[in-house]
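Participant: So here's structure31.txt, just compact mmCIF, C-alpha atoms:
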```txt
# COMPACT_ATOMS: atom_id res chain seq x y z
CA MET A 1 110.37 39.23 -239.26
CA ASN A 2 111.53 35.72 -238.51
CA VAL A 3 115.28 35.93 -238.89
CA THR A 4 115.67 35.04 -235.26
CA ASP A 5 112.81 32.72 -234.75
CA PRO A 6 110.38 33.35 -231.88
CA HIS A 7 108.87 29.84 -231.85
CA ASP A 8 111.73 27.44 -231.70
CA PRO A 9 114.29 27.60 -228.92
CA ASN A 10 116.72 25.74 -231.17
CA GLY A 11 116.40 28.58 -233.64
CA CYS A 12 115.14 26.76 -236.71
CA PRO A 13 114.35 29.56 -239.18
CA MET A 14 111.45 27.59 -240.70
CA SER A 15 109.71 26.57 -237.49
CA ASP A 16 106.75 28.92 -238.01
CA LEU A 17 105.82 27.41 -241.37
CA ASP A 18 104.27 24.25 -239.92
CA GLY A 19 100.79 25.75 -239.52
CA ALA A 20 100.63 27.25 -243.00
CA TYR A 21 102.02 24.01 -244.45
CA VAL A 22 99.43 21.83 -242.74
CA LEU A 23 96.65 24.18 -243.83
CA GLY A 24 97.93 24.05 -247.41
CA ALA A 25 98.60 27.78 -247.65
CA LEU A 26 102.28 27.79 -248.64
CA SER A 27 103.11 28.82 -252.18
CA ALA A 28 104.44 26.01 -254.41
CA ALA A 29 108.04 27.22 -254.09
CA GLU A 30 107.82 27.56 -250.31
CA ARG A 31 106.23 24.15 -249.99
CA VAL A 32 109.05 22.50 -251.98
CA ARG A 33 111.64 24.22 -249.79
CA TYR A 34 109.83 23.25 -246.60
CA GLU A 35 109.42 19.62 -247.68
CA ALA A 36 113.14 19.46 -248.44
CA HIS A 37 113.80 20.89 -245.00
CA LEU A 38 111.58 18.43 -243.08
CA PRO A 39 113.82 15.34 -243.27
CA THR A 40 116.69 17.37 -241.83
CA CYS A 41 114.79 18.98 -238.91
CA PRO A 42 113.30 16.80 -236.15
CA THR A 43 111.58 19.82 -234.53
CA CYS A 44 109.60 20.76 -237.65
CA ARG A 45 108.90 17.12 -238.42
CA ALA A 46 107.43 16.56 -234.96
CA ALA A 47 105.36 19.75 -235.23
CA VAL A 48 103.88 18.72 -238.58
CA GLN A 49 103.16 15.23 -237.34
CA GLU A 50 101.35 16.59 -234.33
CA MET A 51 99.08 18.78 -236.43
CA ALA A 52 98.60 16.48 -239.40
CA GLY A 53 95.17 15.31 -238.17
CA LEU A 54 93.70 18.79 -237.87
CA PRO A 55 92.72 19.48 -241.50
CA GLY A 56 90.69 16.25 -241.49
CA LEU A 57 88.78 17.47 -238.44
CA LEU A 58 88.33 20.96 -239.92
CA ALA A 59 86.84 19.36 -243.03
CA ARG A 60 83.94 18.09 -240.92
CA VAL A 61 82.71 21.59 -240.25
CA PRO A 62 80.86 23.44 -243.03
CA VAL A 63 82.45 26.81 -243.71
CA GLU A 64 79.26 28.83 -243.12
CA GLN A 65 79.09 27.29 -239.65
CA VAL A 66 82.45 28.82 -238.83
CA ILE A 67 81.84 32.22 -240.40
CA ASP A 68 78.27 32.71 -239.27
CA PRO A 69 77.26 30.31 -236.49
CA PRO A 70 73.47 30.04 -235.94
CA LYS A 71 72.20 32.07 -232.98
CA PRO A 72 69.85 30.58 -230.39
CA PRO A 73 66.29 31.96 -230.56
CA GLN A 74 65.31 34.93 -228.39
CA THR A 75 62.58 32.86 -226.74
CA LEU A 76 65.04 30.45 -225.13
CA TRP A 77 66.07 32.66 -222.21
CA PRO A 78 62.53 33.56 -221.01
CA ARG A 79 61.54 29.90 -221.28
CA LEU A 80 64.53 28.86 -219.17
CA VAL A 81 63.68 31.43 -216.51
CA ALA A 82 60.07 30.24 -216.38
CA GLU A 83 61.06 26.57 -216.08
CA ALA A 84 63.62 27.33 -213.38
CA ALA A 85 60.97 29.26 -211.41
CA LYS A 86 58.63 26.24 -211.63
CA ASP A 87 61.45 24.04 -210.35
CA ARG A 88 62.05 26.33 -207.41
CA ARG A 89 58.37 26.31 -206.46
CA ARG A 90 58.38 22.51 -206.55
CA SER A 91 61.47 22.32 -204.39
CA ARG A 92 59.99 24.75 -201.84
CA TRP A 93 56.94 22.49 -201.52
CA ARG A 94 59.26 19.55 -201.19
CA THR A 95 61.26 21.27 -198.44
CA ALA A 96 58.08 22.08 -196.54
CA PHE A 97 56.87 18.51 -196.91
CA THR A 98 60.25 17.06 -195.90
CA SER A 99 60.35 19.20 -192.74
CA LEU A 100 56.92 17.87 -191.77
CA ALA A 101 57.96 14.33 -192.53
CA ALA A 102 61.21 14.82 -190.59
CA ALA A 103 59.26 16.01 -187.55
CA ALA A 104 57.09 12.91 -187.79
CA CYS A 105 60.19 10.72 -188.12
CA VAL A 106 61.76 12.26 -185.03
CA ALA A 107 58.63 11.44 -183.09
CA ALA A 108 58.63 7.90 -184.43
CA LEU A 109 62.34 7.45 -183.71
CA VAL A 110 61.98 8.61 -180.13
CA ILE A 111 59.54 5.77 -179.63
CA ALA A 112 61.46 3.30 -181.78
CA GLY A 113 64.76 4.32 -180.15
CA TRP A 114 64.02 2.18 -177.12
CA VAL A 115 63.51 -0.89 -179.25
CA VAL A 116 66.64 -0.21 -181.35
CA VAL A 117 68.97 0.50 -178.44
CA HIS A 118 67.81 -2.48 -176.40
CA ASN A 119 67.68 -4.96 -179.28
CA PRO A 120 70.27 -3.93 -181.92
CA PRO A 121 68.76 -5.04 -185.23
CA THR A 122 70.59 -7.75 -187.14
CA SER A 123 70.03 -6.46 -190.65
CA LYS A 124 66.51 -5.17 -191.32
CA ALA A 125 64.92 -2.14 -189.80
CA PRO A 126 61.99 -2.99 -187.58
CA SER A 127 61.13 0.68 -187.13
CA VAL A 128 61.02 1.65 -190.82
CA PRO A 129 59.39 -0.95 -193.03
CA LEU A 130 60.27 -0.33 -196.69
CA ALA A 131 58.60 -1.62 -199.81
CA ARG A 132 60.95 -3.62 -202.08
CA SER A 133 63.99 -2.72 -200.05
CA LEU A 134 67.17 -4.28 -201.47
CA PRO A 135 70.31 -5.04 -199.49
CA PHE A 136 73.73 -3.50 -200.28
CA MET A 137 76.72 -5.85 -200.58
CA PRO A 138 80.16 -5.19 -199.06
CA VAL A 139 82.52 -3.87 -201.77
CA ASP A 140 85.69 -5.77 -200.90
CA ARG A 141 85.48 -6.95 -197.32
CA GLU A 142 83.22 -6.69 -194.32
CA SER A 143 83.18 -3.13 -193.05
CA GLY A 144 80.73 -3.62 -190.19
CA VAL A 145 78.27 -1.46 -192.13
CA THR A 146 75.05 -2.79 -193.59
CA ALA A 147 72.40 -0.97 -195.56
CA SER A 148 69.36 -1.45 -197.72
CA ALA A 149 67.53 0.86 -200.08
CA SER A 150 64.37 1.28 -202.08
CA LEU A 151 64.05 3.48 -205.13
CA GLN A 152 61.07 5.44 -206.23
CA GLN A 153 60.53 7.37 -209.44
CA VAL A 154 59.42 10.91 -208.67
CA ALA A 155 58.71 13.94 -210.86
CA TRP A 156 62.19 15.41 -210.41
CA GLY A 157 64.12 12.16 -210.71
CA THR A 158 64.54 9.29 -208.28
CA ARG A 159 64.05 9.24 -204.53
CA ILE A 160 66.22 6.80 -202.62
CA VAL A 161 65.11 5.77 -199.16
CA MET A 162 67.65 3.70 -197.29
CA THR A 163 68.51 2.38 -193.90
CA CYS A 164 72.11 2.15 -192.76
CA TYR A 165 73.48 0.37 -189.74
CA SER A 166 77.09 0.51 -188.56
CA ASP A 167 78.65 -1.33 -185.65
CA ASN A 168 82.18 -0.39 -186.63
CA PRO A 169 83.58 2.20 -184.18
CA ALA A 170 86.20 3.16 -186.79
CA TYR A 171 83.46 5.02 -188.67
CA ALA A 172 82.08 6.79 -185.64
CA GLY A 173 82.36 10.50 -185.06
CA GLU A 174 82.92 13.13 -187.67
CA LYS A 175 83.44 11.03 -190.79
CA PRO A 176 80.44 11.24 -193.06
CA PHE A 177 79.22 8.65 -195.54
CA THR A 178 77.91 9.76 -198.92
CA LEU A 179 75.50 8.04 -201.26
CA PHE A 180 76.58 7.85 -204.92
CA VAL A 181 74.58 6.80 -207.94
CA ILE A 182 76.25 4.97 -210.82
CA LEU A 183 74.41 5.35 -214.11
CA ARG A 184 74.07 2.79 -216.88
CA ASP A 185 76.22 4.99 -219.12
CA GLY A 186 79.04 4.78 -216.57
CA ARG A 187 78.72 8.22 -215.05
CA THR A 188 78.74 8.64 -211.29
CA LEU A 189 76.63 11.25 -209.53
CA PRO A 190 76.34 12.10 -205.86
CA ALA A 191 72.79 11.80 -204.47
CA THR A 192 71.68 14.49 -202.05
CA ALA A 193 72.48 12.24 -199.09
CA SER A 194 75.39 12.26 -196.70
CA TRP A 195 75.34 11.37 -193.03
CA LYS A 196 77.47 10.47 -190.04
CA PRO A 197 77.16 6.87 -188.96
CA ILE A 198 76.20 6.39 -185.32
CA PRO A 199 77.49 3.08 -183.97
CA ASN A 200 74.80 0.50 -183.29
CA LYS A 201 72.03 2.75 -184.52
CA GLN A 202 69.84 2.08 -187.50
CA LEU A 203 69.58 5.30 -189.51
CA ARG A 204 66.99 6.14 -192.12
CA ILE A 205 68.44 8.21 -194.94
CA GLU A 206 66.62 9.85 -197.81
CA GLY A 207 68.32 11.11 -200.93
CA ASP A 208 67.28 12.44 -204.31
CA VAL A 209 68.98 12.35 -207.65
CA TRP A 210 67.75 13.93 -210.86
CA VAL A 211 68.10 10.90 -213.13
CA GLN A 212 65.32 8.45 -213.97
CA LYS A 213 65.16 5.27 -211.93
CA ALA A 214 65.75 3.19 -215.07
CA GLN A 215 69.06 4.97 -215.72
CA ILE A 216 70.53 3.84 -212.41
CA ALA A 217 72.82 0.80 -212.52
CA ALA A 218 74.03 0.78 -208.93
CA LEU A 219 74.17 2.67 -205.65
CA GLU A 220 77.29 3.06 -203.56
CA VAL A 221 77.85 4.14 -199.99
CA ARG A 222 81.26 5.76 -199.79
CA ALA A 223 83.39 6.68 -196.81
CA GLN A 224 84.82 10.16 -196.42
CA ASN A 225 88.02 9.23 -198.26
CA GLY A 226 85.97 8.22 -201.30
CA GLN A 227 86.41 4.50 -200.65
CA PRO A 228 83.25 2.57 -201.62
CA LEU A 229 82.06 0.46 -198.69
CA LEU A 230 78.78 -0.96 -199.93
CA ARG A 231 77.29 -1.47 -203.35
CA LEU A 232 73.81 -2.27 -204.50
CA LYS A 233 73.51 -3.46 -208.10
CA LEU A 234 70.10 -2.95 -209.64
CA MET B 1 62.47 36.02 -185.83
CA GLY B 2 63.14 32.69 -187.42
CA THR B 3 60.93 33.54 -190.37
CA GLN B 4 62.94 36.64 -191.21
CA VAL B 5 66.20 34.74 -191.39
CA GLN B 6 64.63 32.09 -193.56
CA THR B 7 63.24 34.61 -196.06
CA LYS B 8 66.66 36.17 -196.42
CA GLU B 9 68.28 32.81 -197.14
CA VAL B 10 65.76 32.00 -199.84
CA ALA B 11 66.31 35.37 -201.50
CA VAL B 12 70.07 34.82 -201.64
CA ALA B 13 69.64 31.33 -203.03
CA VAL B 14 67.31 32.55 -205.78
CA GLU B 15 69.81 35.21 -206.83
CA ASP B 16 72.63 32.67 -207.05
CA VAL B 17 70.47 30.36 -209.04
CA ASP B 18 69.57 33.07 -211.54
CA ASP B 19 73.23 33.96 -211.94
CA LEU B 20 74.01 30.34 -212.64
CA LEU B 21 71.23 30.10 -215.20
CA ARG B 22 72.32 33.31 -216.91
CA GLU B 23 75.90 32.13 -217.05
CA LEU B 24 74.85 28.78 -218.46
CA HIS B 25 72.77 30.46 -221.14
CA ARG B 26 75.48 32.95 -222.04
CA ARG B 27 78.34 30.48 -222.23
CA HIS B 28 76.74 27.37 -223.58
CA ALA B 29 73.48 28.15 -225.39
CA PRO B 30 75.10 29.24 -228.70
CA ALA B 31 77.27 26.12 -229.01
CA LEU B 32 74.45 23.80 -227.97
CA TRP B 33 72.03 25.50 -230.33
CA GLY B 34 74.15 24.87 -233.41
CA TYR B 35 74.80 21.30 -232.40
CA VAL B 36 71.20 20.39 -231.58
CA LEU B 37 69.85 22.16 -234.67
CA ASN B 38 71.96 19.72 -236.65
CA LEU B 39 70.69 16.73 -234.70
CA THR B 40 67.08 17.72 -235.30
CA ASN B 41 67.76 18.33 -238.99
CA GLY B 42 66.99 22.01 -238.67
CA ASP B 43 63.75 21.63 -236.70
CA ARG B 44 63.99 24.78 -234.58
CA ALA B 45 61.07 24.04 -232.28
CA ARG B 46 62.43 20.65 -231.28
CA ALA B 47 65.97 22.01 -231.02
CA GLU B 48 64.77 24.69 -228.61
CA ASP B 49 63.08 22.05 -226.41
CA VAL B 50 66.24 19.96 -226.33
CA VAL B 51 68.56 22.90 -225.57
CA GLN B 52 66.22 24.09 -222.84
CA GLU B 53 66.09 20.65 -221.22
CA THR B 54 69.88 20.24 -221.45
CA LEU B 55 70.60 23.60 -219.82
CA LEU B 56 68.04 22.94 -217.08
CA ARG B 57 69.66 19.63 -216.27
CA ALA B 58 73.02 21.37 -215.90
CA TRP B 59 71.38 24.06 -213.76
CA ARG B 60 69.96 21.38 -211.47
CA ASN B 61 73.37 19.68 -211.24
CA PRO B 62 75.88 22.51 -211.12
CA GLN B 63 78.67 20.11 -210.16
CA VAL B 64 78.90 19.09 -213.84
CA LEU B 65 80.07 22.63 -214.62
CA ASP B 66 83.11 22.31 -212.37
CA GLU B 67 85.89 22.90 -214.90
CA SER B 68 88.40 21.05 -212.75
CA ARG B 69 86.50 17.90 -213.72
CA GLY B 70 87.00 18.52 -217.44
CA ASN B 71 85.31 20.58 -220.10
CA PRO B 72 81.59 20.89 -219.31
CA ARG B 73 80.79 21.13 -223.03
CA ALA B 74 81.39 17.43 -223.46
CA TRP B 75 78.80 16.73 -220.73
CA LEU B 76 76.29 19.16 -222.24
CA PHE B 77 76.68 17.78 -225.77
CA THR B 78 76.32 14.21 -224.52
CA VAL B 79 73.18 15.02 -222.55
CA ALA B 80 71.67 16.88 -225.53
CA ARG B 81 72.41 13.92 -227.76
CA ARG B 82 70.81 11.51 -225.27
CA ILE B 83 67.66 13.61 -225.12
CA CYS B 84 67.47 13.60 -228.93
CA ILE B 85 67.96 9.85 -229.13
CA ASP B 86 65.38 9.22 -226.41
CA GLU B 87 62.96 11.43 -228.29
CA TRP B 88 63.55 9.59 -231.54
CA ARG B 89 62.98 6.25 -229.82
CA THR B 90 59.75 7.41 -228.21
CA ALA B 91 58.52 8.91 -231.46
CA ARG B 92 59.40 5.74 -233.33
CA SER B 93 57.64 3.46 -230.87
CA ARG B 94 54.58 5.69 -231.08
CA ARG B 95 54.53 5.31 -234.85
CA GLU B 96 54.91 1.54 -234.40
CA PHE B 97 57.36 0.88 -237.16
CA PRO B 98 57.95 -2.75 -238.14
CA THR B 99 60.52 -4.33 -235.85
CA ASP B 100 62.86 -5.76 -238.49
CA GLU B 101 64.56 -2.47 -239.28
CA LEU B 102 67.76 -1.48 -237.51
CA PRO B 103 67.60 2.26 -237.20
CA GLN B 104 69.20 2.51 -233.76
CA VAL B 105 72.67 1.86 -235.09
CA ALA B 106 72.21 4.38 -237.87
CA VAL B 107 70.92 6.98 -235.45
CA SER B 108 73.88 6.54 -233.07
CA ASP B 109 76.39 6.65 -235.90
CA ARG B 110 74.91 9.81 -237.27
CA THR B 111 74.87 11.55 -233.91
CA ASP B 112 78.50 10.57 -233.30
CA GLU B 113 79.43 12.18 -236.59
CA VAL B 114 77.40 15.29 -235.82
CA LEU B 115 78.84 15.40 -232.33
CA GLN B 116 82.39 15.33 -233.59
CA SER B 117 81.82 17.95 -236.23
CA TRP B 118 80.21 20.16 -233.58
CA LEU B 119 82.96 19.70 -231.10
CA VAL B 120 85.33 20.93 -233.81
CA ALA B 121 83.04 23.88 -234.64
CA ASP B 122 82.86 24.64 -230.94
CA ALA B 123 86.64 24.48 -230.59
CA LEU B 124 86.97 26.95 -233.48
CA ALA B 125 84.46 29.24 -231.80
CA GLN B 126 86.62 29.27 -228.69
CA LEU B 127 89.70 30.52 -230.57
CA SER B 128 90.54 34.21 -230.67
CA GLU B 129 89.13 36.19 -233.58
CA GLN B 130 92.64 36.57 -235.09
CA HIS B 131 93.34 32.85 -234.95
CA ARG B 132 89.98 31.93 -236.38
CA ALA B 133 90.43 34.46 -239.20
CA VAL B 134 93.65 32.86 -240.50
CA ILE B 135 92.13 29.37 -240.37
CA VAL B 136 89.07 30.58 -242.27
CA ALA B 137 91.21 32.36 -244.88
CA CYS B 138 93.93 29.75 -245.36
CA TYR B 139 91.92 26.58 -244.90
CA TYR B 140 88.23 27.18 -245.60
CA ARG B 141 88.69 29.80 -248.33
CA GLY B 142 91.87 28.21 -249.66
CA ARG B 143 93.86 31.46 -249.71
CA SER B 144 97.64 31.48 -250.02
CA ILE B 145 99.75 33.26 -247.42
CA ASP B 146 100.03 36.39 -249.59
CA GLU B 147 96.32 36.47 -250.43
CA ALA B 148 95.43 36.01 -246.78
CA ALA B 149 97.86 38.80 -245.86
CA THR B 150 96.15 41.21 -248.29
CA GLU B 151 92.66 40.13 -247.20
CA LEU B 152 93.38 40.51 -243.50
CA GLY B 153 95.59 43.58 -243.91
CA ILE B 154 98.58 42.10 -242.08
CA PRO B 155 102.14 41.18 -243.20
CA ALA B 156 102.73 37.72 -244.69
CA GLY B 157 105.06 36.82 -241.82
CA THR B 158 102.24 37.50 -239.36
CA VAL B 159 99.91 35.20 -241.31
CA LYS B 160 102.47 32.41 -241.02
CA SER B 161 103.03 32.84 -237.33
CA ARG B 162 99.28 33.16 -236.69
CA CYS B 163 98.70 29.89 -238.56
CA HIS B 164 101.34 28.34 -236.35
CA TYR B 165 99.76 29.57 -233.12
CA ALA B 166 96.16 29.10 -234.26
CA LEU B 167 96.64 25.40 -234.95
CA ARG B 168 98.40 24.93 -231.65
CA ALA B 169 95.55 26.65 -229.81
CA LEU B 170 93.03 24.53 -231.73
CA LYS B 171 94.87 21.34 -230.86
CA ILE B 172 94.87 22.24 -227.17
CA VAL B 173 91.11 22.91 -227.13
CA LEU B 174 90.39 19.70 -229.06
CA ASP B 175 92.62 17.72 -226.70
CA GLU B 176 90.73 19.13 -223.74
CA MET B 177 87.44 18.11 -225.32
CA GLY B 178 88.75 14.63 -225.96
CA VAL B 179 88.35 14.89 -229.75
CA THR B 180 91.98 14.27 -230.61
CA ARG B 181 94.39 11.87 -228.89
```
In structure tokens, how does this file's structure come out?

Facilitator:
Amino acid sequence: MNVTDPHDPNGCPMSDLDGAYVLGALSAAERVRYEAHLPTCPTCRAAVQEMAGLPGLLARVPVEQVIDPPKPPQTLWPRLVAEAAKDRRRSRWRTAFTSLAAAACVAALVIAGWVVVHNPPTSKAPSVPLARSLPFMPVDRESGVTASASLQQVAWGTRIVMTCYSDNPAYAGEKPFTLFVILRDGRTLPATASWKPIPNKQLRIEGDVWVQKAQIAALEVRAQNGQPLLRLKL
Amino acid sequence: MGTQVQTKEVAVAVEDVDDLLRELHRRHAPALWGYVLNLTNGDRARAEDVVQETLLRAWRNPQVLDESRGNPRAWLFTVARRICIDEWRTARSRREFPTDELPQVAVSDRTDEVLQSWLVADALAQLSEQHRAVIVACYYRGRSIDEAATELGIPAGTVKSRCHYALRALKIVLDEMGVTR
């Protein structure tokens, strides 16, 4: 079958023996021939080298695991569906509550708007007092954006309430900022918060992320191009 | 008027979500189950809790399933392992073991070993039936080319070339999972 070899463009007649050799399936005579061939053929040598680590990895798996992998229990699927339904109910309540809260915020902001517009705040929000609010630091240089945040453990993860103030016209208009969460294990997750900065306006942003508060190492506000502008280390 | 539109949107969202959950269960539950069962030393009740929690976390964060960001299995296995470790720690602190023992290191080491062996098992599960069959025959059962040919009912030349392609396919999957390299 392999007189003209299908695997090797250079046409080495033994190029399909690498797999069987590495797996230890060649007969003694074939193995001797193949081992005599290896020093003369760079293609086969490279192929064997590349696969030499595989038997060691295969040895870590018990054979019965490969032949007859354990099947998940029948009860798993109905349990998943039930939990997901609970989640959805919770999030519907949350949406309803957030809409109410948003309406209240709009009312408050209409009143506070006067104060904000006529006396641009220096760093802290006079309109939205926050418990244990921590300031973000500029990532490499001053961007004209300042922000602070407080974190709260909630049933579904962590709620982040922040204020953000930008007096940099470069960030005005259609370029949104996004809040990212950096975890202690190094992973980065987006929080459910993105917004458009409005120059000289203090904005109150709320975002949620599913991880526990204790897992969060830092928060980052990123510009549309992914560039981190502000960082808050916890 | 507004209410009608809203109801429709919710219905669509629920359908999508169920599709996502079904897909997660179909594609990832078997691999996770085997892995977690090992981590819990065969305790099926605990394994089921851990697998359920892992899949729900992925369902709540579908961006982790975006294949362009790498193989989602690695994420799922890592999360499952974290849940197991957290559970062990909580259980241990409840039992109030003396503080001079150093089990954390041992626990992590063991889970790393289990993780790697399961990533390999998972990679094998992702191969085609034909490729897996030659690896099982030639490696796990220690058959020679001719014996494997008789067992599988194919010519010896086909066994050789399948070994060749099967190992290449395995290497690619393992590379993607970050096991080799």

Participant: I need the chain A residues near chain B as number ranges by chain; criterion: at most 8 Å, counting only C-alpha atoms.

Facilitator: A: 1-2, 16-20, 23-27, 51, 54-55, 57-58, 60-61, 63, 65-67, 69-73, 76-77, 79-81, 83-84, 210

Participant: How would the residues just chosen look if you wrote them out with C-alpha atoms as an mmCIF file, in the frame of the given file?

Facilitator:
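Writing the result to selection.cif gives the following:
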```
data_model
loop_
_atom_site.group_PDB
_atom_site.id
_atom_site.type_symbol
_atom_site.label_atom_id
_atom_site.label_comp_id
_atom_site.auth_asym_id
_atom_site.auth_seq_id
_atom_site.Cartn_x
_atom_site.Cartn_y
_atom_site.Cartn_z
ATOM 1 C CA MET A 1 110.370 39.230 -239.260
ATOM 2 C CA ASN A 2 111.530 35.720 -238.510
ATOM 3 C CA ASP A 16 106.750 28.920 -238.010
ATOM 4 C CA LEU A 17 105.820 27.410 -241.370
ATOM 5 C CA ASP A 18 104.270 24.250 -239.920
ATOM 6 C CA GLY A 19 100.790 25.750 -239.520
ATOM 7 C CA ALA A 20 100.630 27.250 -243.000
ATOM 8 C CA LEU A 23 96.650 24.180 -243.830
ATOM 9 C CA GLY A 24 97.930 24.050 -247.410
ATOM 10 C CA ALA A 25 98.600 27.780 -247.650
ATOM 11 C CA LEU A 26 102.280 27.790 -248.640
ATOM 12 C CA SER A 27 103.110 28.820 -252.180
ATOM 13 C CA MET A 51 99.080 18.780 -236.430
ATOM 14 C CA LEU A 54 93.700 18.790 -237.870
ATOM 15 C CA PRO A 55 92.720 19.480 -241.500
ATOM 16 C CA LEU A 57 88.780 17.470 -238.440
ATOM 17 C CA LEU A 58 88.330 20.960 -239.920
ATOM 18 C CA ARG A 60 83.940 18.090 -240.920
ATOM 19 C CA VAL A 61 82.710 21.590 -240.250
ATOM 20 C CA VAL A 63 82.450 26.810 -243.710
ATOM 21 C CA GLN A 65 79.090 27.290 -239.650
ATOM 22 C CA VAL A 66 82.450 28.820 -238.830
ATOM 23 C CA ILE A 67 81.840 32.220 -240.400
ATOM 24 C CA PRO A 69 77.260 30.310 -236.490
ATOM 25 C CA PRO A 70 73.470 30.040 -235.940
ATOM 26 C CA LYS A 71 72.200 32.070 -232.980
ATOM 27 C CA PRO A 72 69.850 30.580 -230.390
ATOM 28 C CA PRO A 73 66.290 31.960 -230.560
ATOM 29 C CA LEU A 76 65.040 30.450 -225.130
ATOM 30 C CA TRP A 77 66.070 32.660 -222.210
ATOM 31 C CA ARG A 79 61.540 29.900 -221.280
ATOM 32 C CA LEU A 80 64.530 28.860 -219.170
ATOM 33 C CA VAL A 81 63.680 31.430 -216.510
ATOM 34 C CA GLU A 83 61.060 26.570 -216.080
ATOM 35 C CA ALA A 84 63.620 27.330 -213.380
ATOM 36 C CA TRP A 210 67.750 13.930 -210.860
#
```

Participant: For the atom pair CA of Cys84 (chain B) and CA of Ser68 (chain B), what is the interatomic distance in Å to one decimal place?

Facilitator: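 Atom-to-atom, CA of Cys84 (chain B) and CA of Ser68 (chain B) are spaced 27.5 Å apart.
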
Participant: Just the number, please: distance in Å from CA of Gln126 (chain B) to CA of Val173 (chain B), one decimal.

Facilitator: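 Answer for the CA of Gln126 (chain B) to CA of Val173 (chain B) separation: 7.9 Å.
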
Participant: Between CA of Trp195 (chain A) and CA of Val154 (chain A), what distance in Å does the model show, to one decimal?

Facilitator: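 Calculated distance between CA of Trp195 (chain A) and CA of Val154 (chain A) is 22.3 Å.
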
Participant: Given the choices A:Met14, A:Ala28, A:Val22, A:Leu183, which gets closest to Thr40 (chain A) if the distance is worked out from only C-alpha atoms?

Facilitator: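 Answer, going by the shortest atom-to-atom distance: A:Met14.
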
Participant: Near Thr178 (chain A), counting only C-alpha atoms, which residues have an atom at most 6 Å away, once you skip same-chain residues fewer than 2 positions from it, shown as a VMD selection string?

Facilitator: chain A and resid 193 to 194 221 to 222

Participant: Using all atoms listed in the file, pick whichever of A:Thr146, A:Asn225, A:Trp156, A:Ala46 has the shortest atom-to-atom distance to Asp87 (chain A).

Facilitator: A:Trp156

Participant: Give me the residues within 12 Å of Gly226 (chain A) as a list in words, counting all atoms listed in the file and dropping any in the same chain fewer than 2 places off.

Facilitator: Lys175, Pro176, Phe177, Thr178, Leu179, Phe180, Pro190, Glu220, Val221, Arg222, Ala223, Gln224, Pro228, Leu229 and Leu230 of chain A

Participant: Would you put the residues from that selection into a file with C-alpha atoms, as an mmCIF file, keeping the file's coordinate frame?

Facilitator:
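Output file result.cif is given in full below:
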```
data_model
loop_
_atom_site.group_PDB
_atom_site.id
_atom_site.type_symbol
_atom_site.label_atom_id
_atom_site.label_comp_id
_atom_site.auth_asym_id
_atom_site.auth_seq_id
_atom_site.Cartn_x
_atom_site.Cartn_y
_atom_site.Cartn_z
ATOM 1 C CA LYS A 175 83.440 11.030 -190.790
ATOM 2 C CA PRO A 176 80.440 11.240 -193.060
ATOM 3 C CA PHE A 177 79.220 8.650 -195.540
ATOM 4 C CA THR A 178 77.910 9.760 -198.920
ATOM 5 C CA LEU A 179 75.500 8.040 -201.260
ATOM 6 C CA PHE A 180 76.580 7.850 -204.920
ATOM 7 C CA PRO A 190 76.340 12.100 -205.860
ATOM 8 C CA GLU A 220 77.290 3.060 -203.560
ATOM 9 C CA VAL A 221 77.850 4.140 -199.990
ATOM 10 C CA ARG A 222 81.260 5.760 -199.790
ATOM 11 C CA ALA A 223 83.390 6.680 -196.810
ATOM 12 C CA GLN A 224 84.820 10.160 -196.420
ATOM 13 C CA PRO A 228 83.250 2.570 -201.620
ATOM 14 C CA LEU A 229 82.060 0.460 -198.690
ATOM 15 C CA LEU A 230 78.780 -0.960 -199.930
#
```

Participant: Given all atoms listed in the file as the basis, pick out the residue of A:Val145, A:Val181, A:Ala85, A:Ala52 nearest to Tyr165 (chain A).

Facilitator: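 Comparing A:Val145, A:Val181, A:Ala85, A:Ala52 against Tyr165 (chain A), the winner is A:Val145.
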
Participant: Restricting the calculation to only C-alpha atoms, which member of B:Ile83, B:Ile154, B:Ala149, B:Ile172 is positioned closest to Thr40 (chain B)?

Facilitator: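 Checking each of B:Ile83, B:Ile154, B:Ala149, B:Ile172 against Thr40 (chain B), counting only C-alpha atoms, the winner is B:Ile83.
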
Participant: From the list A:Ile160, A:Ala170, A:Met137, A:Leu234, which residue is nearest Ile205 (chain A) when using only C-alpha atoms?

Facilitator: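 So, comparing all the options, the nearest one is A:Ile160.
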